[in-house]
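Asks: One structure, pasted below without further comment.
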Amino acid sequence: MPGPRRRSALIARLVSDHPGSSQGAILAELRRCLLDGGVPPGSPIPLDEVAAAFGVSVIPVREALKTLIGEGLVEHRPNAGYRVAMLTAHELREMYLVRGVLETAALNAAVASATPEDDDNARAAHRALEDAVTAGDARAYHRESRRFHMALVRPCGMRRLLGMFESAWNITEPLQPMAHVAATDRARLHLDHGVMLAAFLARDADALVAAARAHHGVLQSSLEALPLDTGLFADPGNI
């Protein structure tokens with residue numbers, strides 16, 4: 001006789017205090033769960049259970065999932081249902097390449113438009129990264145790394161560019177790549193962050209862009225070293 005069905009990782013993380021939630025609220029909560037890294041790539045998304053958790057029919061849940069499919073966070077296969085999207089190792093490296101190009105474009109404009117408040121935000125993000133490195137907290141490092149990079153690019157004020165940058169970043173979030181790289185690589189990457197911060201505060205766009213490009217080179221090397229047998233990556237022959 002089969003044992004009890006194991007609860008979905010997604011269902012365990014959903015927070016729904018308002019039965020009958022709107023489609024927008026359902027979308028926002030599903031997106032939050034996928035971006036915080038607590039639901040690994042490939043995890044099933046049981047439509048009926050999600051609907052029950054929100055106290056709604058499957059219709060608004062299905063519509064929310066369609067939006068997340070468009071964002072690259074969810075996959076759907078006929079007769080197999082929905083699951084958290086998976087990337088091949090090649091696709092992950094490709095997304096980091098895209099992020100590097102978008103970030104370089106944003107940094108040039110950000111330096112010209114940054115304010116003292118932006119400097120404070122960048123310093124605070126860097127301190128949080130420092131704390132994560134000191135504590136050896138890989139998940140916190142991943143989270144604060146995103147905060148730091150966003151603090152540097154946000155002053156550019158280019159809404160569409162920032163939207164593309166954030167979307168490209170979101171696609172890799174379920175995998176939590178920086179939580180899986182070696183501790184020595186995280187320490188090396190953090191040294192790059194210090195160089196980037198100094199260039200940003202000095203309003204030296206050339207130095208900042210050069211530091212960002214070097215940083216992305218280290219990132220790519222770190223990604224190359226990630227093990228492929230963790231179950232987090234999609235099989236390139238079966239996607």
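Residue numbers start at 1 in each chain; chains themselves are named A, B, ... in the order of the structure tokens; ligands are numbered from 1 in the order shown.
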Using DSSP on the backbone, list every residue of segment 85-236 of chain A that comes out as alpha helix (DSSP H), and give them as a count of residues only.
Replies: 114
Asks: For segment 219-234 of chain A, work out the shell of residues within 9 Å, counting only C-alpha atoms and skipping chain neighbours fewer than 6 positions away, then give it as a list in words.
Replies: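 Residues meeting the cut-off are Pro40, Pro41, Gly42, Ala85, Met86, Leu87, Thr88, Ala89, Leu92, Arg93, Tyr96, Leu97, Leu175, Pro177, Met178, His180, Val181, Ala182, Asp185, Arg186 and Leu189 of chain A.
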Asks: For Ile45 of chain A, which residue out of A:Ala12, A:Val84, A:Ala198, A:Val58 is the nearest one, using only C-alpha atoms?
Replies: A:Val84
Asks: Rank nothing, just name the residue among A:Arg127, A:His76, A:Arg154, A:Arg13 nearest to Tyr141 of chain A, using only C-alpha atoms.
Replies: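 Ranking A:Arg127, A:His76, A:Arg154, A:Arg13 by distance to Tyr141 of chain A, first place goes to A:Arg127.
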Asks: When you count only C-alpha atoms, which of these residues is closest to Leu27 of chain A: A:Asp137, A:Glu71, A:Asp120, A:Glu94?
Replies: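 Smallest separation from Leu27 of chain A among the options: A:Glu71.
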Asks: When DSSP is applied to the backbone of this structure, which of segment 31-200 of chain A are assigned strand (DSSP E)? Write them out as a PDB file with all heavy atoms, in the first residue's frame.
Replies:
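Written output follows (states.pdb):
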```
ATOM      1  N   PRO A  44       6.914  20.080  -8.401  1.00  0.00           N
ATOM      2  CA  PRO A  44       5.563  20.137  -8.977  1.00  0.00           C
ATOM      3  C   PRO A  44       4.748  21.251  -8.342  1.00  0.00           C
ATOM      4  O   PRO A  44       4.948  21.616  -7.183  1.00  0.00           O
ATOM      5  CB  PRO A  44       4.985  18.761  -8.647  1.00  0.00           C
ATOM      6  CG  PRO A  44       5.744  18.305  -7.444  1.00  0.00           C
ATOM      7  CD  PRO A  44       7.134  18.858  -7.600  1.00  0.00           C
ATOM      8  N   ILE A  45       3.828  21.792  -9.130  1.00  0.00           N
ATOM      9  CA  ILE A  45       2.904  22.813  -8.646  1.00  0.00           C
ATOM     10  C   ILE A  45       1.500  22.241  -8.797  1.00  0.00           C
ATOM     11  O   ILE A  45       0.888  22.316  -9.874  1.00  0.00           O
ATOM     12  CB  ILE A  45       3.051  24.119  -9.453  1.00  0.00           C
ATOM     13  CG1 ILE A  45       4.493  24.634  -9.377  1.00  0.00           C
ATOM     14  CG2 ILE A  45       2.079  25.180  -8.927  1.00  0.00           C
ATOM     15  CD1 ILE A  45       4.750  25.864 -10.228  1.00  0.00           C
ATOM     16  N   VAL A  74       7.842  29.175 -14.506  1.00  0.00           N
ATOM     17  CA  VAL A  74       7.018  27.966 -14.433  1.00  0.00           C
ATOM     18  C   VAL A  74       6.990  27.296 -15.800  1.00  0.00           C
ATOM     19  O   VAL A  74       7.072  27.977 -16.836  1.00  0.00           O
ATOM     20  CB  VAL A  74       5.584  28.308 -13.963  1.00  0.00           C
ATOM     21  CG1 VAL A  74       4.637  27.117 -14.114  1.00  0.00           C
ATOM     22  CG2 VAL A  74       5.596  28.779 -12.511  1.00  0.00           C
ATOM     23  N   GLU A  75       6.902  25.976 -15.806  1.00  0.00           N
ATOM     24  CA  GLU A  75       6.751  25.195 -17.032  1.00  0.00           C
ATOM     25  C   GLU A  75       5.461  24.386 -16.948  1.00  0.00           C
ATOM     26  O   GLU A  75       5.020  24.018 -15.851  1.00  0.00           O
ATOM     27  CB  GLU A  75       7.923  24.223 -17.195  1.00  0.00           C
ATOM     28  CG  GLU A  75       9.271  24.894 -17.315  1.00  0.00           C
ATOM     29  CD  GLU A  75      10.421  23.896 -17.258  1.00  0.00           C
ATOM     30  OE1 GLU A  75      10.201  22.737 -16.824  1.00  0.00           O
ATOM     31  OE2 GLU A  75      11.530  24.289 -17.621  1.00  0.00           O
ATOM     32  N   HIS A  76       4.883  24.109 -18.113  1.00  0.00           N
ATOM     33  CA  HIS A  76       3.694  23.246 -18.165  1.00  0.00           C
ATOM     34  C   HIS A  76       3.879  22.231 -19.275  1.00  0.00           C
ATOM     35  O   HIS A  76       4.292  22.572 -20.392  1.00  0.00           O
ATOM     36  CB  HIS A  76       2.428  24.049 -18.432  1.00  0.00           C
ATOM     37  CG  HIS A  76       1.198  23.192 -18.498  1.00  0.00           C
ATOM     38  ND1 HIS A  76       0.634  22.778 -19.690  1.00  0.00           N
ATOM     39  CD2 HIS A  76       0.447  22.642 -17.508  1.00  0.00           C
ATOM     40  CE1 HIS A  76      -0.416  22.031 -19.441  1.00  0.00           C
ATOM     41  NE2 HIS A  76      -0.559  21.931 -18.133  1.00  0.00           N
ATOM     42  N   ARG A  77       3.576  20.977 -18.933  1.00  0.00           N
ATOM     43  CA  ARG A  77       3.650  19.909 -19.923  1.00  0.00           C
ATOM     44  C   ARG A  77       2.331  19.165 -19.941  1.00  0.00           C
ATOM     45  O   ARG A  77       1.780  18.840 -18.880  1.00  0.00           O
ATOM     46  CB  ARG A  77       4.782  18.932 -19.585  1.00  0.00           C
ATOM     47  CG  ARG A  77       6.160  19.559 -19.644  1.00  0.00           C
ATOM     48  CD  ARG A  77       7.232  18.520 -19.402  1.00  0.00           C
ATOM     49  NE  ARG A  77       8.560  19.086 -19.504  1.00  0.00           N
ATOM     50  CZ  ARG A  77       9.683  18.370 -19.449  1.00  0.00           C
ATOM     51  NH1 ARG A  77       9.612  17.058 -19.290  1.00  0.00           N
ATOM     52  NH2 ARG A  77      10.851  18.965 -19.550  1.00  0.00           N
ATOM     53  N   GLY A  81       1.366  18.363 -15.962  1.00  0.00           N
ATOM     54  CA  GLY A  81       1.038  19.480 -15.095  1.00  0.00           C
ATOM     55  C   GLY A  81       2.104  20.559 -15.045  1.00  0.00           C
ATOM     56  O   GLY A  81       2.959  20.669 -15.923  1.00  0.00           O
ATOM     57  N   TYR A  82       2.040  21.350 -13.988  1.00  0.00           N
ATOM     58  CA  TYR A  82       2.925  22.493 -13.833  1.00  0.00           C
ATOM     59  C   TYR A  82       4.088  22.140 -12.898  1.00  0.00           C
ATOM     60  O   TYR A  82       3.940  21.329 -11.978  1.00  0.00           O
ATOM     61  CB  TYR A  82       2.165  23.676 -13.232  1.00  0.00           C
ATOM     62  CG  TYR A  82       1.025  24.176 -14.094  1.00  0.00           C
ATOM     63  CD1 TYR A  82      -0.257  23.646 -13.944  1.00  0.00           C
ATOM     64  CD2 TYR A  82       1.223  25.174 -15.033  1.00  0.00           C
ATOM     65  CE1 TYR A  82      -1.315  24.100 -14.729  1.00  0.00           C
ATOM     66  CE2 TYR A  82       0.170  25.639 -15.816  1.00  0.00           C
ATOM     67  CZ  TYR A  82      -1.087  25.096 -15.665  1.00  0.00           C
ATOM     68  OH  TYR A  82      -2.120  25.551 -16.437  1.00  0.00           O
ATOM     69  N   ARG A  83       5.217  22.780 -13.146  1.00  0.00           N
ATOM     70  CA  ARG A  83       6.353  22.627 -12.244  1.00  0.00           C
ATOM     71  C   ARG A  83       7.204  23.896 -12.301  1.00  0.00           C
ATOM     72  O   ARG A  83       7.104  24.698 -13.244  1.00  0.00           O
ATOM     73  CB  ARG A  83       7.204  21.416 -12.620  1.00  0.00           C
ATOM     74  CG  ARG A  83       8.002  21.574 -13.919  1.00  0.00           C
ATOM     75  CD  ARG A  83       8.919  20.389 -14.155  1.00  0.00           C
ATOM     76  NE  ARG A  83       9.780  20.620 -15.323  1.00  0.00           N
ATOM     77  CZ  ARG A  83      10.715  19.776 -15.733  1.00  0.00           C
ATOM     78  NH1 ARG A  83      10.905  18.631 -15.077  1.00  0.00           N
ATOM     79  NH2 ARG A  83      11.466  20.059 -16.797  1.00  0.00           N
ATOM     80  N   VAL A  84       8.038  24.071 -11.280  1.00  0.00           N
ATOM     81  CA  VAL A  84       8.980  25.190 -11.280  1.00  0.00           C
ATOM     82  C   VAL A  84       9.967  24.972 -12.414  1.00  0.00           C
ATOM     83  O   VAL A  84      10.502  23.873 -12.590  1.00  0.00           O
ATOM     84  CB  VAL A  84       9.730  25.272  -9.933  1.00  0.00           C
ATOM     85  CG1 VAL A  84      10.695  26.456  -9.935  1.00  0.00           C
ATOM     86  CG2 VAL A  84       8.742  25.402  -8.777  1.00  0.00           C
TER      87      VAL A  84
END
```
Asks: Considering only C-alpha atoms, tabulate each residue of segment 136-214 of chain A that lies at most 12 Å from segment 105-119 of chain A along with its nearest interatomic pair and the corresponding distance in Å to one decimal; arrange the rows by chain and ascending residue number and present them as a Markdown table.
Replies:
```
| residue | atom | partner | partner_atom | distance |
| --- | --- | --- | --- | --- |
| A:Phe148 | CA | A:Asp118 | CA | 11.1 |
| A:His149 | CA | A:Leu107 | CA | 9.7 |
| A:Met150 | CA | A:Ala106 | CA | 10.0 |
| A:Ala151 | CA | A:Asp118 | CA | 7.0 |
| A:Leu152 | CA | A:Leu107 | CA | 6.8 |
| A:Val153 | CA | A:Leu107 | CA | 5.3 |
| A:Arg154 | CA | A:Ala110 | CA | 6.8 |
| A:Pro155 | CA | A:Ala110 | CA | 4.7 |
| A:Cys156 | CA | A:Ala110 | CA | 3.7 |
| A:Gly157 | CA | A:Ala110 | CA | 7.4 |
| A:Met158 | CA | A:Ala106 | CA | 7.6 |
| A:Arg159 | CA | A:Ala106 | CA | 10.2 |
| A:Arg160 | CA | A:Ala106 | CA | 10.6 |
| A:Leu161 | CA | A:Ala106 | CA | 7.2 |
| A:Leu162 | CA | A:Ala106 | CA | 7.5 |
| A:Gly163 | CA | A:Ala106 | CA | 11.1 |
| A:Met164 | CA | A:Ala106 | CA | 10.8 |
| A:Phe165 | CA | A:Ala106 | CA | 8.9 |
| A:Glu166 | CA | A:Ala106 | CA | 11.7 |
| A:Met196 | CA | A:Leu107 | CA | 10.2 |
| A:Leu197 | CA | A:Asp119 | CA | 8.8 |
| A:Ala198 | CA | A:Asp119 | CA | 10.1 |
| A:Ala199 | CA | A:Val111 | CA | 9.0 |
| A:Phe200 | CA | A:Val111 | CA | 6.3 |
| A:Leu201 | CA | A:Asp119 | CA | 6.3 |
| A:Ala202 | CA | A:Val111 | CA | 8.8 |
| A:Arg203 | CA | A:Val111 | CA | 5.4 |
| A:Asp204 | CA | A:Val111 | CA | 7.2 |
| A:Ala205 | CA | A:Asn108 | CA | 5.6 |
| A:Asp206 | CA | A:Asn108 | CA | 8.0 |
| A:Ala207 | CA | A:Asn108 | CA | 10.2 |
| A:Leu208 | CA | A:Leu107 | CA | 7.4 |
| A:Val209 | CA | A:Leu107 | CA | 6.8 |
| A:Ala210 | CA | A:Leu107 | CA | 10.5 |
| A:Ala211 | CA | A:Leu107 | CA | 10.8 |
| A:Ala212 | CA | A:Leu107 | CA | 8.8 |
| A:Arg213 | CA | A:Leu107 | CA | 11.1 |
```
Asks: For the atom pair atom CA of Ala187 of chain A and atom CA of Glu103 of chain A, what is the interatomic distance in Å to one decimal place?
Replies: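 According to the coordinates, atom CA of Ala187 of chain A and atom CA of Glu103 of chain A are separated by 21.1 Å.
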Asks: For a test of reading the model, state the distance in Å between atom CA of Val15 of chain A and atom CA of Glu29 of chain A, rounded to one decimal.
Replies: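 Distance reported for this atom pair: 7.1 Å.
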